[in-house]
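Chemist: Here you go, one structure.
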Amino acid sequence: MSWLNDLYLTYEACKGAEGLLPIAHLTQNAQLEVVLDEEGRFVRAYRVEKEDAVTVIPVTEDSSSRSGKAVFPHPLSDKLEYIAGDYGDFVAGYKKEKFVCYIAQLEKWSRSDQSLPQIRTVYQYLSRGTLMHDLLAAGFFTFENGEILAEKQQGIALQDWFIRFAVEVPGKPESRLYRDSQVFESYIQFYLSGQENRELCYVSGEIVPCSEKHPAKIRNTADKAKLISSNNAYGVLTFKGRFKESSQVASVSYEISQKAHSALRWLIARQACLRMGEQVVVVWSIENPQISNPFEELLWEGEQLIFTDEAYSDWVRKAIWGPGEPPGDSDKVMIMAVEAATTGRLSVPFYQKYDAKQFLENIKKWKTGACWLSRRVKDQALVPWSPSLVDIVKLLVGDKNEKVNKSMRERLLPCIVEGRKLPYDIVLSALRLAGNPTHYKDYREWHRAVSMACALLRKWQIDGEDGKEEYEMGLDTESRDRSYIFGQLLATAEMLERSALSMSGNKEAMRNTAAEKYFVRFQRYPVETWTTIRNQLQPYVMKLMTAKNSVGKNTGKLFYLDQIDKLTDRLDFSQKDKLEPTFLQGYSSQIMEYRNFSKKTELDENKD
């Protein structure tokens, strides 16, 4: 029950926040708004635009989860067939039971000590049973040959038109009852005063009015799945053979249930939320509900191009927690995942509460470790980039099998939020997929996969037993790692060929280079494959040299040939072992370096 208590405390801490529903209230999309005067007379009605359709309405336990043919009216706003006493005058076969139940319930509220003049006005008007006639006179539908001809409202059939009310009172600025906090409070007090089912609440430990039917619409307005539900009338589900009543299993107070569900619904709608199929993961803190999603990718937005590990680490903290004060010693962060076990039931596959300081340290450890350089869109500068959980899972297992995706997420989540070591089989899988360019249709998609694989490898390297944390994101020009240097060499060969191809037009430049064609083989047989690639580069070298001679000076393209010579001088070609995973890091870093400084290099060499 700890998650219920934490959500309840969150509600109390954020009470009054925009979008956080009061208890005993839900939202519903309305199609029509009926405006009355203070004497209970029909003034006008108008169609509600889709942008303004979401309406806060009071509900009962029964009406909030009504379905099928069950007759459970909402206390105020409801469907036309519930609130129009003259609906049967226009629609044949209508049974007045729905209106009778609705108007009796509204009468109790209007006559209670908690009522308001606006509620009595609505009751006074609807009890006359003239709504359908008034809508007909207002031109919302026509009535011919004993049949009603009505246009659908937002694609909704006549009986399902949802009606909300406004009461215009001179001197009262807010006429819309669905936005009047006094109306909300009036109904809450009225509804709570009528509750008599008192049980032991397993959350608060008090004897209070408890709920038997808990709210739905958790993940979205169409969500029918519930977090708490009991056995049905046929006794075929949860506790058959053990208990006679659901309250013997557990009971939760109405107020706590309403507030906890409302808080979760609010957090999912606006908060640090990760949606993946039927599963939703939400992250929040009672002390700082504005916490950002730690599972999204983070792209450095600082203006400076030179950054330090300390500056990046501090930026990660602020990106997650916000620019305010760091968390205190008692601050907590909660992570909760909910998913649909069946159409009507939600499960909680993951729920953990962490010390906020340690949580942020773990996130920083992940984001600064599983990080690689990427090209910023707005200015093409190289900046630190930490891929999102969704992107990593998509790289590793695709996005077609939700069961496999879920399993991979469950393995990665502890690495992110608990600081656990990244399993090496995950790193190898990413390297294998990124190490095959033919697996990708798009060149940019492949290089994004390469960057992700390099980021995961870097995280595994930092987590290694040596405790070394100096694994560079940028190009390590002093590296003596044979595999890393071979990666630099292949990147240089690719850039040389692309430079020559770019002189032949865009179509030529887009085709695969020799480096890409032999990318997989190069990792297994680097020495033999390099000989093949180097021979295939010769025509492009000649083409670049011809271009140089025709203009009488170096075009800047022969820079790559010089680099190849420097890199080969650093390699021992008598060693023919296959390359280690650091090959991919050398390749990616060198490609990024060339692209980042290509314009500067051309300008410098054109001066020669």
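Residues in the structure tokens are numbered from 1 in each chain, the chains being A, B, ... in the order shown, and ligands are numbered from 1 in the order shown.
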Which parts of region 351-524 of chain A does DSSP call alpha helix (DSSP H) when run on the backbone here, written out as a ChimeraX atom specification?
Modeler: /A:356-369,389-397,402-417,424-434,443-462,482-501,506-510,514-517,519-524
Chemist: Keeping only C-alpha atoms, take the residues you just selected and write them out as a short mmCIF file (atom, residue, chain, number, x, y, z; two decimals), in the first residue's frame.
Modeler:
```
data_model
loop_
_atom_site.label_atom_id
_atom_site.label_comp_id
_atom_site.auth_asym_id
_atom_site.auth_seq_id
_atom_site.Cartn_x
_atom_site.Cartn_y
_atom_site.Cartn_z
CA ALA A 356 16.46 11.92 -4.00
CA LYS A 357 20.16 12.70 -3.66
CA GLN A 358 21.18 9.14 -4.42
CA PHE A 359 18.66 8.94 -7.25
CA LEU A 360 20.14 12.03 -8.93
CA GLU A 361 23.65 10.68 -8.42
CA ASN A 362 22.63 7.44 -10.11
CA ILE A 363 21.02 9.31 -13.01
CA LYS A 364 24.11 11.50 -13.40
CA LYS A 365 26.29 8.40 -13.29
CA TRP A 366 24.25 6.89 -16.11
CA LYS A 367 23.85 10.02 -18.22
CA THR A 368 27.48 11.01 -17.98
CA GLY A 369 28.67 7.45 -18.55
CA LEU A 389 15.80 4.32 -22.80
CA VAL A 390 13.30 3.94 -25.65
CA ASP A 391 16.01 4.42 -28.30
CA ILE A 392 18.33 1.94 -26.61
CA VAL A 393 15.62 -0.72 -26.38
CA LYS A 394 14.65 -0.11 -30.00
CA LEU A 395 18.28 -0.56 -31.06
CA LEU A 396 18.67 -3.77 -29.07
CA VAL A 397 15.40 -5.62 -29.76
CA GLU A 402 6.32 -5.80 -26.67
CA LYS A 403 7.11 -8.78 -24.44
CA VAL A 404 10.77 -8.70 -25.45
CA ASN A 405 10.84 -4.91 -25.16
CA LYS A 406 9.45 -5.10 -21.65
CA SER A 407 12.06 -7.65 -20.62
CA MET A 408 14.87 -5.44 -21.93
CA ARG A 409 13.47 -2.35 -20.16
CA GLU A 410 13.34 -4.27 -16.90
CA ARG A 411 17.03 -5.16 -17.27
CA LEU A 412 18.06 -1.59 -18.08
CA LEU A 413 15.98 0.26 -15.47
CA PRO A 414 18.12 -0.81 -12.46
CA CYS A 415 21.25 0.29 -14.34
CA ILE A 416 19.78 3.78 -14.72
CA VAL A 417 18.03 4.40 -11.41
CA TYR A 424 28.09 -6.91 -21.04
CA ASP A 425 25.77 -9.02 -23.22
CA ILE A 426 23.66 -5.90 -23.77
CA VAL A 427 26.76 -3.97 -24.83
CA LEU A 428 27.84 -6.76 -27.20
CA SER A 429 24.36 -6.89 -28.72
CA ALA A 430 24.45 -3.13 -29.39
CA LEU A 431 27.96 -3.37 -30.88
CA ARG A 432 26.96 -6.26 -33.12
CA LEU A 433 23.91 -4.43 -34.48
CA ALA A 434 25.68 -1.11 -34.93
CA TYR A 443 22.92 6.35 -43.33
CA ARG A 444 21.95 8.71 -40.49
CA GLU A 445 20.04 5.96 -38.68
CA TRP A 446 23.13 3.77 -38.80
CA HIS A 447 25.42 6.48 -37.41
CA ARG A 448 22.90 7.13 -34.63
CA ALA A 449 23.05 3.41 -33.79
CA VAL A 450 26.86 3.61 -33.81
CA SER A 451 26.77 6.53 -31.37
CA MET A 452 24.41 4.62 -29.05
CA ALA A 453 26.61 1.54 -29.12
CA CYS A 454 29.68 3.66 -28.36
CA ALA A 455 27.83 5.30 -25.45
CA LEU A 456 26.89 1.91 -23.96
CA LEU A 457 30.43 0.60 -24.42
CA ARG A 458 31.80 3.70 -22.70
CA LYS A 459 29.41 3.13 -19.77
CA TRP A 460 30.57 -0.48 -19.46
CA GLN A 461 34.20 0.66 -19.61
CA ILE A 462 33.65 3.19 -16.81
CA ARG A 482 45.31 -1.11 -32.04
CA SER A 483 41.54 -1.56 -32.56
CA TYR A 484 40.85 2.11 -31.90
CA ILE A 485 43.47 3.20 -34.47
CA PHE A 486 42.10 0.78 -37.06
CA GLY A 487 38.71 2.42 -36.49
CA GLN A 488 40.28 5.82 -37.17
CA LEU A 489 41.86 4.42 -40.33
CA LEU A 490 38.57 3.09 -41.69
CA ALA A 491 36.84 6.41 -40.93
CA THR A 492 39.58 8.26 -42.82
CA ALA A 493 39.20 5.96 -45.83
CA GLU A 494 35.47 6.63 -45.84
CA MET A 495 35.91 10.39 -45.69
CA LEU A 496 38.50 10.32 -48.50
CA GLU A 497 36.18 8.40 -50.82
CA ARG A 498 33.20 10.61 -49.95
CA SER A 499 35.27 13.70 -50.70
CA ALA A 500 35.97 12.36 -54.19
CA LEU A 501 32.38 11.22 -54.73
CA ASN A 506 24.83 14.19 -55.02
CA LYS A 507 23.69 10.80 -56.35
CA GLU A 508 27.26 9.52 -56.53
CA ALA A 509 28.04 10.86 -53.06
CA MET A 510 25.12 8.98 -51.49
CA ALA A 514 34.34 0.75 -49.81
CA ALA A 515 34.74 1.31 -46.07
CA GLU A 516 31.05 0.69 -45.52
CA LYS A 517 30.89 -2.30 -47.87
CA PHE A 519 32.73 -2.77 -42.54
CA VAL A 520 31.84 -6.18 -41.07
CA ARG A 521 34.73 -8.06 -42.68
CA PHE A 522 37.17 -5.36 -41.61
CA GLN A 523 36.44 -6.08 -37.95
CA ARG A 524 37.40 -9.76 -38.37
#
```
Chemist: Skipping near chain neighbours, those fewer than 4 positions away, what residues fall within 8 Å of region 593-596 of chain A using only C-alpha atoms, listed as a PyMOL selection string?
Modeler: chain A and resi 380-382+474-475+495+589
Chemist: Using only C-alpha atoms, determine which residues lie at most 7 Å from region 33-49 of chain A, disregarding the query and same-chain residues fewer than 5 positions distant; provide the list as a VMD selection string.
Modeler: chain A and resid 121 to 122 124 to 125 163 to 169
Chemist: Since we have the selection now, will you write its residues out, keeping C-alpha atoms, as a PDB file, in the first residue's frame?
Modeler:
```pdb
ATOM      1  CA  THR A 121     -31.361  26.539 -10.438  1.00  0.00           C
ATOM      2  CA  VAL A 122     -30.307  23.575 -12.592  1.00  0.00           C
ATOM      3  CA  GLN A 124     -35.508  23.722 -11.007  1.00  0.00           C
ATOM      4  CA  TYR A 125     -35.042  23.876 -14.769  1.00  0.00           C
ATOM      5  CA  ILE A 163     -24.415  18.268 -21.572  1.00  0.00           C
ATOM      6  CA  ARG A 164     -22.727  20.719 -19.214  1.00  0.00           C
ATOM      7  CA  PHE A 165     -24.256  23.789 -17.573  1.00  0.00           C
ATOM      8  CA  ALA A 166     -23.643  27.462 -16.964  1.00  0.00           C
ATOM      9  CA  VAL A 167     -25.829  29.667 -14.759  1.00  0.00           C
ATOM     10  CA  GLU A 168     -25.602  33.399 -15.371  1.00  0.00           C
ATOM     11  CA  VAL A 169     -26.047  35.355 -12.147  1.00  0.00           C
TER      12      VAL A 169
END
```
Chemist: Hey, what's within 12 Å of region 209-213 of chain A if we count only C-alpha atoms and toss same-chain stuff fewer than 2 positions away? As a CSV table (one decimal) with N, CA, C and O atoms, in the first residue's frame, please?
Modeler:
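Saved to part36.csv:
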```csv
chain,number,residue,atom,x,y,z
A,24,ALA,N,-13.9,12.9,-6.0
A,24,ALA,CA,-15.3,12.7,-6.5
A,24,ALA,C,-15.6,13.4,-7.8
A,24,ALA,O,-16.7,13.7,-8.1
A,60,THR,N,-20.3,9.8,-8.8
A,60,THR,CA,-20.4,8.9,-7.7
A,60,THR,C,-19.5,7.6,-7.9
A,60,THR,O,-19.0,7.5,-9.0
A,61,GLU,N,-19.4,6.8,-6.9
A,61,GLU,CA,-18.6,5.6,-7.1
A,61,GLU,C,-19.2,4.7,-8.3
A,61,GLU,O,-18.4,4.2,-9.1
A,62,ASP,N,-20.5,4.7,-8.3
A,62,ASP,CA,-21.1,3.8,-9.4
A,62,ASP,C,-21.0,4.5,-10.7
A,62,ASP,O,-20.7,3.8,-11.7
A,63,SER,N,-21.3,5.8,-10.8
A,63,SER,CA,-21.3,6.4,-12.1
A,63,SER,C,-20.0,6.6,-12.7
A,63,SER,O,-19.8,6.6,-14.0
A,64,SER,N,-18.9,6.6,-11.9
A,64,SER,CA,-17.6,6.8,-12.4
A,64,SER,C,-17.1,5.5,-13.2
A,64,SER,O,-16.2,5.5,-14.0
A,65,SER,N,-17.8,4.4,-12.9
A,65,SER,CA,-17.4,3.1,-13.5
A,65,SER,C,-18.5,2.4,-14.2
A,65,SER,O,-18.5,1.2,-14.4
A,66,ARG,N,-19.6,3.2,-14.5
A,66,ARG,CA,-20.7,2.6,-15.2
A,66,ARG,C,-20.4,2.1,-16.6
A,66,ARG,O,-19.6,2.6,-17.3
A,191,TYR,N,-21.4,14.6,-0.9
A,191,TYR,CA,-21.2,13.2,-1.2
A,191,TYR,C,-20.6,12.5,0.0
A,191,TYR,O,-21.0,11.4,0.4
A,192,LEU,N,-19.6,13.2,0.6
A,192,LEU,CA,-18.9,12.6,1.8
A,192,LEU,C,-19.9,12.4,3.0
A,192,LEU,O,-19.8,11.5,3.8
A,193,SER,N,-20.8,13.4,3.1
A,193,SER,CA,-21.7,13.3,4.2
A,193,SER,C,-22.7,12.2,4.2
A,193,SER,O,-23.3,11.7,5.2
A,194,GLY,N,-22.9,11.6,3.0
A,194,GLY,CA,-23.8,10.5,2.8
A,194,GLY,C,-23.2,9.1,2.9
A,194,GLY,O,-23.9,8.1,2.7
A,195,GLN,N,-21.9,9.1,3.1
A,195,GLN,CA,-21.2,7.8,3.1
A,195,GLN,C,-21.3,7.1,4.5
A,195,GLN,O,-21.0,7.8,5.5
A,196,GLU,N,-21.7,5.9,4.5
A,196,GLU,CA,-21.9,5.2,5.8
A,196,GLU,C,-21.1,3.9,5.9
A,196,GLU,O,-20.9,3.4,7.0
A,197,ASN,N,-20.5,3.4,4.8
A,197,ASN,CA,-19.7,2.1,4.9
A,197,ASN,C,-18.4,2.4,5.5
A,197,ASN,O,-17.4,2.8,4.8
A,198,ARG,N,-18.2,2.2,6.8
A,198,ARG,CA,-17.0,2.5,7.4
A,198,ARG,C,-16.2,1.2,7.7
A,198,ARG,O,-16.8,0.2,8.3
A,199,GLU,N,-15.0,1.2,7.3
A,199,GLU,CA,-14.1,0.0,7.5
A,199,GLU,C,-12.7,0.5,7.9
A,199,GLU,O,-12.4,1.7,7.9
A,200,LEU,N,-11.9,-0.5,8.2
A,200,LEU,CA,-10.5,-0.2,8.5
A,200,LEU,C,-9.7,0.1,7.2
A,200,LEU,O,-9.7,-0.7,6.3
A,201,CYS,N,-9.2,1.3,7.0
A,201,CYS,CA,-8.4,1.7,5.9
A,201,CYS,C,-7.0,1.1,6.0
A,201,CYS,O,-6.3,1.5,7.0
A,202,TYR,N,-6.6,0.3,5.1
A,202,TYR,CA,-5.3,-0.3,5.2
A,202,TYR,C,-4.1,0.7,4.9
A,202,TYR,O,-3.0,0.3,5.1
A,203,VAL,N,-4.5,1.9,4.4
A,203,VAL,CA,-3.4,2.9,4.2
A,203,VAL,C,-3.2,3.8,5.4
A,203,VAL,O,-2.1,4.0,5.9
A,204,SER,N,-4.4,4.3,5.9
A,204,SER,CA,-4.3,5.3,7.0
A,204,SER,C,-4.4,4.6,8.4
A,204,SER,O,-3.9,5.2,9.4
A,205,GLY,N,-4.9,3.4,8.4
A,205,GLY,CA,-5.1,2.7,9.7
A,205,GLY,C,-6.3,3.2,10.5
A,205,GLY,O,-6.4,2.9,11.7
A,206,GLU,N,-7.2,3.9,9.9
A,206,GLU,CA,-8.3,4.5,10.6
A,206,GLU,C,-9.6,3.9,10.1
A,206,GLU,O,-9.7,3.3,9.0
A,207,ILE,N,-10.6,3.9,11.0
A,207,ILE,CA,-12.0,3.5,10.6
A,207,ILE,C,-12.7,4.6,9.9
A,207,ILE,O,-13.1,5.6,10.6
A,215,PRO,N,-11.5,4.3,-9.0
A,215,PRO,CA,-11.6,5.0,-10.3
A,215,PRO,C,-10.8,4.2,-11.4
A,215,PRO,O,-9.8,3.5,-11.1
A,216,ALA,N,-11.3,4.5,-12.6
A,216,ALA,CA,-10.6,4.1,-13.8
A,216,ALA,C,-10.0,5.3,-14.5
A,216,ALA,O,-9.7,6.3,-13.9
A,226,LYS,N,-8.5,-0.7,-14.1
A,226,LYS,CA,-8.4,-0.2,-12.7
A,226,LYS,C,-7.2,-0.8,-12.0
A,226,LYS,O,-6.9,-2.0,-12.2
A,227,LEU,N,-6.6,-0.1,-11.1
A,227,LEU,CA,-5.6,-0.6,-10.2
A,227,LEU,C,-6.1,-1.4,-9.1
A,227,LEU,O,-5.4,-2.4,-8.7
A,228,ILE,N,-7.3,-1.1,-8.6
A,228,ILE,CA,-7.8,-1.8,-7.5
A,228,ILE,C,-9.2,-2.3,-7.9
A,228,ILE,O,-10.1,-1.5,-8.3
A,229,SER,N,-9.5,-3.6,-7.9
A,229,SER,CA,-10.8,-4.1,-8.2
A,229,SER,C,-11.0,-5.4,-7.5
A,229,SER,O,-10.0,-6.1,-7.1
A,230,SER,N,-12.2,-5.8,-7.2
A,230,SER,CA,-12.5,-7.0,-6.5
A,230,SER,C,-13.2,-8.0,-7.4
A,230,SER,O,-13.5,-7.8,-8.5
A,231,ASN,N,-13.6,-9.1,-6.8
A,231,ASN,CA,-14.2,-10.2,-7.5
A,231,ASN,C,-15.6,-9.8,-8.1
A,231,ASN,O,-16.3,-8.9,-7.6
A,232,ASN,N,-15.9,-10.4,-9.2
A,232,ASN,CA,-17.2,-10.1,-9.8
A,232,ASN,C,-18.3,-11.0,-9.1
A,232,ASN,O,-18.1,-11.8,-8.3
A,245,GLU,N,-16.2,-11.6,1.2
A,245,GLU,CA,-16.4,-10.2,0.8
A,245,GLU,C,-15.0,-9.6,0.4
A,245,GLU,O,-14.0,-10.0,1.0
A,246,SER,N,-15.0,-8.7,-0.5
A,246,SER,CA,-13.8,-8.1,-1.0
A,246,SER,C,-13.1,-7.3,0.2
A,246,SER,O,-11.9,-7.2,0.2
A,247,SER,N,-13.9,-6.8,1.1
A,247,SER,CA,-13.3,-6.0,2.2
A,247,SER,C,-12.5,-6.9,3.1
A,247,SER,O,-11.7,-6.4,3.9
A,248,GLN,N,-12.7,-8.2,3.1
A,248,GLN,CA,-11.9,-9.1,3.9
A,248,GLN,C,-10.5,-9.2,3.4
A,248,GLN,O,-9.6,-9.7,4.1
A,249,VAL,N,-10.3,-8.8,2.1
A,249,VAL,CA,-8.9,-8.9,1.5
A,249,VAL,C,-8.2,-7.6,1.9
A,249,VAL,O,-7.1,-7.6,2.4
A,250,ALA,N,-8.8,-6.5,1.6
A,250,ALA,CA,-8.2,-5.2,1.9
A,250,ALA,C,-9.3,-4.1,1.7
A,250,ALA,O,-10.2,-4.3,0.9
A,251,SER,N,-9.2,-3.0,2.4
A,251,SER,CA,-10.1,-1.9,2.2
A,251,SER,C,-9.3,-0.6,2.2
A,251,SER,O,-8.4,-0.5,3.0
A,252,VAL,N,-9.7,0.3,1.4
A,252,VAL,CA,-9.1,1.6,1.3
A,252,VAL,C,-10.1,2.7,1.4
A,252,VAL,O,-11.2,2.6,0.8
A,253,SER,N,-9.8,3.7,2.2
A,253,SER,CA,-10.8,4.8,2.3
A,253,SER,C,-11.1,5.5,1.0
A,253,SER,O,-10.3,5.6,0.1
A,254,TYR,N,-12.3,6.0,0.9
A,254,TYR,CA,-12.8,6.6,-0.3
A,254,TYR,C,-11.9,7.9,-0.6
A,254,TYR,O,-11.5,8.1,-1.7
A,255,GLU,N,-11.6,8.7,0.4
A,255,GLU,CA,-10.9,9.9,0.2
A,255,GLU,C,-9.5,9.6,-0.3
A,255,GLU,O,-9.0,10.2,-1.2
A,256,ILE,N,-8.8,8.6,0.4
A,256,ILE,CA,-7.4,8.3,0.0
A,256,ILE,C,-7.4,7.7,-1.4
A,256,ILE,O,-6.5,8.0,-2.3
A,257,SER,N,-8.4,6.8,-1.7
A,257,SER,CA,-8.4,6.2,-3.1
A,257,SER,C,-8.6,7.3,-4.1
A,257,SER,O,-7.9,7.3,-5.2
A,258,GLN,N,-9.6,8.2,-3.9
A,258,GLN,CA,-9.8,9.3,-4.9
A,258,GLN,C,-8.6,10.2,-5.1
A,258,GLN,O,-8.2,10.5,-6.2
```
Chemist: Select, from A:Val527, A:Ile591, A:Ile218, A:Leu9, the residue with the minimum atom-to-atom distance to Thr568 (chain A), counting only C-alpha atoms.
Modeler: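 Smallest distance to Thr568 (chain A) is found for A:Val527.
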Chemist: Might you pull out every residue within 7 Å of region 130-144 of chain A, with only C-alpha atoms counted and same-chain residues fewer than 3 positions away left off, and present them as a ChimeraX atom specification?
Modeler: /A:84-87,126,147-151
Chemist: Any chance you can output those residues with N, CA, C and O atoms as a tab-separated table (two decimals), in the first residue's frame?
Modeler:
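The resulting file, out.tsv, is reproduced below:
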```tsv
chain	number	residue	atom	x	y	z
A	84	ALA	N	-32.71	14.83	-19.80
A	84	ALA	CA	-33.87	15.40	-20.48
A	84	ALA	C	-35.13	14.63	-20.11
A	84	ALA	O	-35.31	13.48	-20.53
A	85	GLY	N	-35.99	15.25	-19.33
A	85	GLY	CA	-37.23	14.59	-18.92
A	85	GLY	C	-38.18	14.36	-20.07
A	85	GLY	O	-39.05	13.48	-19.99
A	86	ASP	N	-38.06	15.12	-21.15
A	86	ASP	CA	-38.95	14.97	-22.30
A	86	ASP	C	-38.27	14.21	-23.44
A	86	ASP	O	-38.70	14.31	-24.60
A	87	TYR	N	-37.23	13.44	-23.15
A	87	TYR	CA	-36.52	12.70	-24.19
A	87	TYR	C	-37.45	11.70	-24.87
A	87	TYR	O	-37.38	11.47	-26.08
A	126	LEU	N	-34.42	21.52	-14.91
A	126	LEU	CA	-34.54	20.17	-15.45
A	126	LEU	C	-35.77	19.44	-14.95
A	126	LEU	O	-36.31	18.57	-15.66
A	147	GLU	N	-40.38	11.61	-36.21
A	147	GLU	CA	-39.01	11.17	-35.99
A	147	GLU	C	-38.10	12.38	-35.81
A	147	GLU	O	-38.30	13.41	-36.44
A	148	ILE	N	-37.11	12.19	-34.97
A	148	ILE	CA	-36.16	13.27	-34.73
A	148	ILE	C	-35.01	13.17	-35.73
A	148	ILE	O	-34.49	12.10	-36.02
A	149	LEU	N	-34.65	14.31	-36.31
A	149	LEU	CA	-33.53	14.39	-37.24
A	149	LEU	C	-32.46	15.25	-36.60
A	149	LEU	O	-32.61	16.46	-36.52
A	150	ALA	N	-31.41	14.61	-36.13
A	150	ALA	CA	-30.37	15.35	-35.41
A	150	ALA	C	-29.02	15.11	-36.04
A	150	ALA	O	-28.69	13.99	-36.42
A	151	GLU	N	-28.25	16.15	-36.15
A	151	GLU	CA	-26.87	16.01	-36.59
A	151	GLU	C	-26.03	15.47	-35.43
A	151	GLU	O	-26.27	15.82	-34.28
```
Chemist: Show which residues sit within 12 Å of Lys15 (chain A), as a list in words. Count only C-alpha atoms, and ignore same-chain residues fewer than 4 positions away.
Modeler: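 Using only C-alpha atoms, the neighbours found are Leu7, Tyr8, Leu9, Thr10, Tyr11, Gly19, Leu20, Leu21, Pro22, Ile23, Lys259, Ala260, Ser262, Ala263, Trp266, Ile286 and Pro289 of chain A.
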